[in-house]
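Q: The structure is given below, and queries will be raised subsequently.
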Amino acid sequence: MVARRGGDAEFDILDVADFDLPLLDEPVPPMMGDYRNEHTQRWADAIASYDRYVLVTPEYNHGPSAALKNALDYLYREWNNKAVGFVGYGTAGGTRAVEQLRLVAGELQLAAVRNQVALSLKDDFADMHALTPQPHQEQAVEAMLDQLITWSSALRAARVAS
Ligand SMILES: Cc1cc2nc3c(=O)[nH]c(=O)nc-3n(C[C@H](O)[C@H](O)[C@H](O)COP(=O)(O)O)c2cc1C
């Protein structure tokens with residue numbers, strides 16, 4: 001809701017579950033840009049149509065969800081020279097999962113902004129389930145989105161050049 005309020009940038013919600021991606025099953029590395037499967041092309045088309053992303057992840061054993069990592073691994077050029085921000089959730093705000101995603105983003109040439117949203121299962125969810133964010137989380141979202149929009153705009157020249 002914060003992302004949809006004001007500003008020029010528009011955001012959509014994509015759920016990786018809607019793309020029915022199996023564990024990565026392409027025969028050649030995504031860097032080759034030679035996608036053979038219909039599910040890969042559908043995911044690639046969706047990701048290619050955006051200049052910036054906000055990845056939302058739980059924390060499992062200090063890492064991101066396997067489904068999200070798999071979805072990131074499927075593509076390459078579609079991520080390049082764009083910007084990414086993070087929303088993590090867990091007992092420690094998903095911060096350790098987001099740290100892992102920052103390393104992955106670097107390899108995908110996806111610029112990871114510093115500001116992030118760290119939702120606590122204890123303080124920002126009711127019964128560790130229903131999202132009930134504390135008021136300060138709205139400012140955290142805005143700060144992350146501000147950086148995200150600035151960086152993705154600055155990277156436009158790099159996207160055009162490539
Ligand atoms: C296998 C597993 C490992 C987990 N590991 C962590 C963890 O390392 N750190 C943490 O903060 N929460 C951990 N949790 C708690 C999850 O972050 C929490 O259950 C969260 O609600 C999962 O999000 P989801 O319901 O969207 O999958 C773990 C949960 C599971 C099932």
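Within each chain, counting starts at residue 1; across the structure tokens, chains are named A, B, ... in the order shown, with ligands numbered 1 upward in that order.
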Write as number ranges by chain the residues around ligand 1, taking 12 Å as the cut-off and counting only C-alpha atoms and all ligand atoms.
A: A: 15, 17, 56-68, 87-98, 118-122, 124-131
Q: How would the residues just picked look written out with N, CA and C atoms as a short mmCIF file (atom, residue, chain, number, x, y, z; two decimals), in the first residue's frame?
A:
data_model
loop_
_atom_site.label_atom_id
_atom_site.label_comp_id
_atom_site.auth_asym_id
_atom_site.auth_seq_id
_atom_site.Cartn_x
_atom_site.Cartn_y
_atom_site.Cartn_z
N ASP A 15 3.88 -13.12 -7.54
CA ASP A 15 4.11 -14.24 -6.62
C ASP A 15 4.79 -15.35 -7.42
N ALA A 17 5.00 -18.27 -6.92
CA ALA A 17 4.17 -19.49 -6.96
C ALA A 17 3.27 -19.51 -8.21
N VAL A 56 10.68 -9.94 -1.46
CA VAL A 56 10.13 -10.21 -0.12
C VAL A 56 10.49 -11.65 0.24
N THR A 57 11.17 -11.82 1.37
CA THR A 57 11.61 -13.17 1.71
C THR A 57 11.42 -13.49 3.19
N PRO A 58 11.03 -14.72 3.47
CA PRO A 58 11.12 -15.21 4.85
C PRO A 58 12.57 -15.59 5.13
N GLU A 59 12.85 -16.01 6.33
CA GLU A 59 14.19 -16.52 6.65
C GLU A 59 14.06 -17.97 7.08
N TYR A 60 14.74 -18.83 6.34
CA TYR A 60 14.80 -20.25 6.70
C TYR A 60 16.26 -20.61 6.95
N ASN A 61 16.58 -21.02 8.17
CA ASN A 61 17.95 -21.38 8.51
C ASN A 61 18.94 -20.32 8.03
N HIS A 62 18.60 -19.09 8.34
CA HIS A 62 19.43 -17.91 8.04
C HIS A 62 19.57 -17.63 6.54
N GLY A 63 18.76 -18.27 5.70
CA GLY A 63 18.81 -18.01 4.27
C GLY A 63 17.44 -17.63 3.75
N PRO A 64 17.38 -17.20 2.47
CA PRO A 64 16.08 -16.88 1.87
C PRO A 64 15.33 -18.15 1.51
N SER A 65 14.09 -18.00 1.08
CA SER A 65 13.33 -19.18 0.69
C SER A 65 13.94 -19.80 -0.57
N ALA A 66 13.90 -21.11 -0.63
CA ALA A 66 14.45 -21.83 -1.79
C ALA A 66 13.71 -21.43 -3.06
N ALA A 67 12.41 -21.20 -2.95
CA ALA A 67 11.62 -20.85 -4.14
C ALA A 67 12.09 -19.51 -4.73
N LEU A 68 12.43 -18.56 -3.86
CA LEU A 68 12.91 -17.27 -4.35
C LEU A 68 14.29 -17.41 -4.98
N VAL A 87 12.55 -6.75 1.50
CA VAL A 87 11.72 -6.85 2.69
C VAL A 87 11.92 -8.26 3.24
N GLY A 88 12.45 -8.35 4.44
CA GLY A 88 12.64 -9.66 5.05
C GLY A 88 11.75 -9.80 6.27
N TYR A 89 11.40 -11.04 6.58
CA TYR A 89 10.66 -11.26 7.84
C TYR A 89 11.14 -12.53 8.50
N GLY A 90 11.15 -12.48 9.82
CA GLY A 90 11.62 -13.61 10.63
C GLY A 90 11.79 -13.13 12.05
N THR A 91 12.38 -14.00 12.89
CA THR A 91 12.56 -13.60 14.28
C THR A 91 13.55 -12.44 14.39
N ALA A 92 14.48 -12.34 13.46
CA ALA A 92 15.43 -11.22 13.44
C ALA A 92 15.21 -10.37 12.19
N GLY A 93 13.97 -10.25 11.78
CA GLY A 93 13.63 -9.38 10.64
C GLY A 93 14.10 -9.90 9.30
N GLY A 94 14.46 -11.16 9.24
CA GLY A 94 14.91 -11.71 7.95
C GLY A 94 16.24 -11.13 7.48
N THR A 95 16.96 -10.50 8.40
CA THR A 95 18.18 -9.77 7.99
C THR A 95 19.26 -10.71 7.45
N ARG A 96 19.35 -11.90 8.01
CA ARG A 96 20.41 -12.81 7.55
C ARG A 96 20.08 -13.36 6.18
N ALA A 97 18.79 -13.59 5.92
CA ALA A 97 18.37 -14.03 4.58
C ALA A 97 18.66 -12.94 3.55
N VAL A 98 18.40 -11.70 3.93
CA VAL A 98 18.63 -10.59 3.00
C VAL A 98 20.13 -10.43 2.73
N ALA A 118 12.83 -4.74 7.69
CA ALA A 118 13.05 -5.94 8.51
C ALA A 118 11.84 -6.12 9.42
N LEU A 119 10.97 -7.03 9.03
CA LEU A 119 9.74 -7.26 9.80
C LEU A 119 9.97 -8.37 10.82
N SER A 120 9.65 -8.05 12.06
CA SER A 120 9.82 -9.00 13.15
C SER A 120 8.58 -9.87 13.31
N LEU A 121 8.77 -11.16 13.36
CA LEU A 121 7.62 -12.06 13.58
C LEU A 121 6.93 -11.74 14.89
N LYS A 122 7.71 -11.27 15.85
CA LYS A 122 7.16 -10.98 17.18
C LYS A 122 6.40 -9.65 17.21
N ASP A 124 5.75 -7.39 14.41
CA ASP A 124 5.06 -6.90 13.20
C ASP A 124 4.02 -7.88 12.66
N PHE A 125 3.80 -8.95 13.39
CA PHE A 125 2.78 -9.93 13.00
C PHE A 125 1.96 -10.30 14.23
N ALA A 126 0.68 -10.54 14.01
CA ALA A 126 -0.17 -11.07 15.08
C ALA A 126 -0.13 -12.58 15.00
N ASP A 127 0.13 -13.22 16.13
CA ASP A 127 0.25 -14.69 16.18
C ASP A 127 1.29 -15.21 15.20
N MET A 128 2.31 -14.40 14.93
CA MET A 128 3.39 -14.77 13.99
C MET A 128 2.85 -15.07 12.60
N HIS A 129 1.68 -14.51 12.27
CA HIS A 129 1.05 -14.90 11.00
C HIS A 129 0.48 -13.71 10.23
N ALA A 130 -0.43 -12.95 10.88
CA ALA A 130 -1.11 -11.85 10.18
C ALA A 130 -0.28 -10.58 10.28
N LEU A 131 0.02 -9.97 9.14
CA LEU A 131 0.87 -8.79 9.12
C LEU A 131 0.20 -7.61 9.81
#
Q: From a DSSP calculation on the backbone, collect every residue of chain A in strand (DSSP E) and output the set as a VMD selection string.
A: chain A and resid 52 to 58 82 to 90 110 to 112 117 to 120 125 to 126 130 to 131
Q: Point out the residue among A:Glu107, A:Glu38, A:Asp25, A:Asp146 with the least atom-to-atom distance to A:Arg77, counting only C-alpha atoms.
A: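 The closest residue to A:Arg77 is A:Glu107.
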Q: A:Asn70, A:Gln41, A:Asn80, A:Gln137: which is nearest A:Leu101, counting only C-alpha atoms?
A: A:Asn70
Q: Using only C-alpha atoms, find the one residue out of A:Val28, A:Ala48, A:Val84, A:Leu21 that sits nearest to A:Gln109.
A: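 Ranked by minimum distance to A:Gln109, first place goes to A:Val84.
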Q: As an exercise, work out the distance from atom CA of A:Asp12 to atom CA of A:His39 in Å and give it to one decimal place.
A: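 One can read the atom CA of A:Asp12 to atom CA of A:His39 distance as 19.6 Å.
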Q: Do a neighbour search on A:Arg114 at 12 Å with only C-alpha atoms, toss out local chain neighbours closer than 3 positions, and write the hits as an mmCIF file with N, CA, C and O atoms, in the first residue's frame.
A:
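Output below, filename selection.cif:
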data_model
loop_
_atom_site.group_PDB
_atom_site.id
_atom_site.type_symbol
_atom_site.label_atom_id
_atom_site.label_comp_id
_atom_site.auth_asym_id
_atom_site.auth_seq_id
_atom_site.Cartn_x
_atom_site.Cartn_y
_atom_site.Cartn_z
ATOM 1 N N ALA A 83 17.751 -2.275 -10.228
ATOM 2 C CA ALA A 83 17.956 -2.101 -8.786
ATOM 3 C C ALA A 83 16.979 -2.976 -8.010
ATOM 4 O O ALA A 83 15.885 -3.285 -8.496
ATOM 5 N N VAL A 84 17.414 -3.351 -6.805
ATOM 6 C CA VAL A 84 16.583 -4.205 -5.962
ATOM 7 C C VAL A 84 16.616 -3.715 -4.519
ATOM 8 O O VAL A 84 17.651 -3.268 -4.025
ATOM 9 N N GLY A 85 15.467 -3.775 -3.875
ATOM 10 C CA GLY A 85 15.365 -3.541 -2.439
ATOM 11 C C GLY A 85 14.778 -4.790 -1.798
ATOM 12 O O GLY A 85 14.253 -5.677 -2.495
ATOM 13 N N PHE A 86 14.844 -4.858 -0.468
ATOM 14 C CA PHE A 86 14.439 -6.085 0.209
ATOM 15 C C PHE A 86 13.480 -5.829 1.366
ATOM 16 O O PHE A 86 13.632 -4.847 2.102
ATOM 17 N N VAL A 87 12.550 -6.753 1.500
ATOM 18 C CA VAL A 87 11.716 -6.846 2.695
ATOM 19 C C VAL A 87 11.918 -8.260 3.236
ATOM 20 O O VAL A 87 11.637 -9.242 2.538
ATOM 21 N N THR A 95 16.963 -10.500 8.404
ATOM 22 C CA THR A 95 18.175 -9.774 7.990
ATOM 23 C C THR A 95 19.263 -10.705 7.453
ATOM 24 O O THR A 95 19.999 -10.335 6.544
ATOM 25 N N VAL A 98 18.396 -11.701 3.929
ATOM 26 C CA VAL A 98 18.632 -10.590 2.996
ATOM 27 C C VAL A 98 20.128 -10.432 2.727
ATOM 28 O O VAL A 98 20.527 -10.143 1.591
ATOM 29 N N GLU A 99 20.977 -10.652 3.740
ATOM 30 C CA GLU A 99 22.425 -10.568 3.490
ATOM 31 C C GLU A 99 22.845 -11.573 2.414
ATOM 32 O O GLU A 99 23.672 -11.266 1.551
ATOM 33 N N ARG A 102 21.855 -10.307 -1.000
ATOM 34 C CA ARG A 102 22.716 -9.226 -1.504
ATOM 35 C C ARG A 102 23.892 -9.799 -2.298
ATOM 36 O O ARG A 102 24.303 -9.233 -3.316
ATOM 37 N N ALA A 111 21.671 -4.044 -8.653
ATOM 38 C CA ALA A 111 22.183 -3.150 -7.616
ATOM 39 C C ALA A 111 21.274 -3.159 -6.384
ATOM 40 O O ALA A 111 20.098 -2.775 -6.472
ATOM 41 N N VAL A 117 13.685 -3.338 4.697
ATOM 42 C CA VAL A 117 12.607 -3.458 5.673
ATOM 43 C C VAL A 117 12.779 -4.800 6.385
ATOM 44 O O VAL A 117 12.900 -5.838 5.733
ATOM 45 N N ALA A 140 10.362 2.933 6.967
ATOM 46 C CA ALA A 140 11.399 2.047 6.425
ATOM 47 C C ALA A 140 11.089 1.683 4.973
ATOM 48 O O ALA A 140 11.984 1.636 4.124
ATOM 49 N N VAL A 141 9.816 1.431 4.690
ATOM 50 C CA VAL A 141 9.420 1.122 3.307
ATOM 51 C C VAL A 141 9.685 2.318 2.403
ATOM 52 O O VAL A 141 10.259 2.192 1.311
ATOM 53 N N ALA A 143 11.792 4.804 2.801
ATOM 54 C CA ALA A 143 13.230 5.042 2.628
ATOM 55 C C ALA A 143 13.822 4.059 1.626
ATOM 56 O O ALA A 143 14.647 4.426 0.778
ATOM 57 N N MET A 144 13.398 2.807 1.715
ATOM 58 C CA MET A 144 13.898 1.793 0.776
ATOM 59 C C MET A 144 13.429 2.113 -0.640
ATOM 60 O O MET A 144 14.212 2.055 -1.601
ATOM 61 N N LEU A 145 12.164 2.469 -0.791
ATOM 62 C CA LEU A 145 11.636 2.758 -2.133
ATOM 63 C C LEU A 145 12.285 4.004 -2.733
ATOM 64 O O LEU A 145 12.551 4.044 -3.946
ATOM 65 N N ASP A 146 12.553 4.993 -1.913
ATOM 66 C CA ASP A 146 13.226 6.204 -2.418
ATOM 67 C C ASP A 146 14.578 5.844 -3.026
ATOM 68 O O ASP A 146 14.915 6.276 -4.136
ATOM 69 N N GLN A 147 15.362 5.046 -2.312
ATOM 70 C CA GLN A 147 16.671 4.644 -2.840
ATOM 71 C C GLN A 147 16.516 3.794 -4.094
ATOM 72 O O GLN A 147 17.261 3.940 -5.064
ATOM 73 N N LEU A 148 15.521 2.923 -4.043
ATOM 74 C CA LEU A 148 15.304 2.005 -5.168
ATOM 75 C C LEU A 148 14.984 2.784 -6.450
ATOM 76 O O LEU A 148 15.530 2.503 -7.529
ATOM 77 N N TRP A 151 18.133 4.733 -7.667
ATOM 78 C CA TRP A 151 19.153 3.876 -8.282
ATOM 79 C C TRP A 151 18.674 3.289 -9.609
ATOM 80 O O TRP A 151 19.437 3.212 -10.563
#
Q: Please, what distance in Å, to one decimal, runs between atom CA of A:Gly33 and atom CA of A:Ile47?
A: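 About the pair atom CA of A:Gly33 and atom CA of A:Ile47: they are 13.6 Å apart.
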Q: Please return, as a PyMOL selection string, all residues of chain A that DSSP assigns to alpha helix (DSSP H) on the basis of the backbone.
A: chain A and resi 38-48+66-73+95-107+136-154+156-161
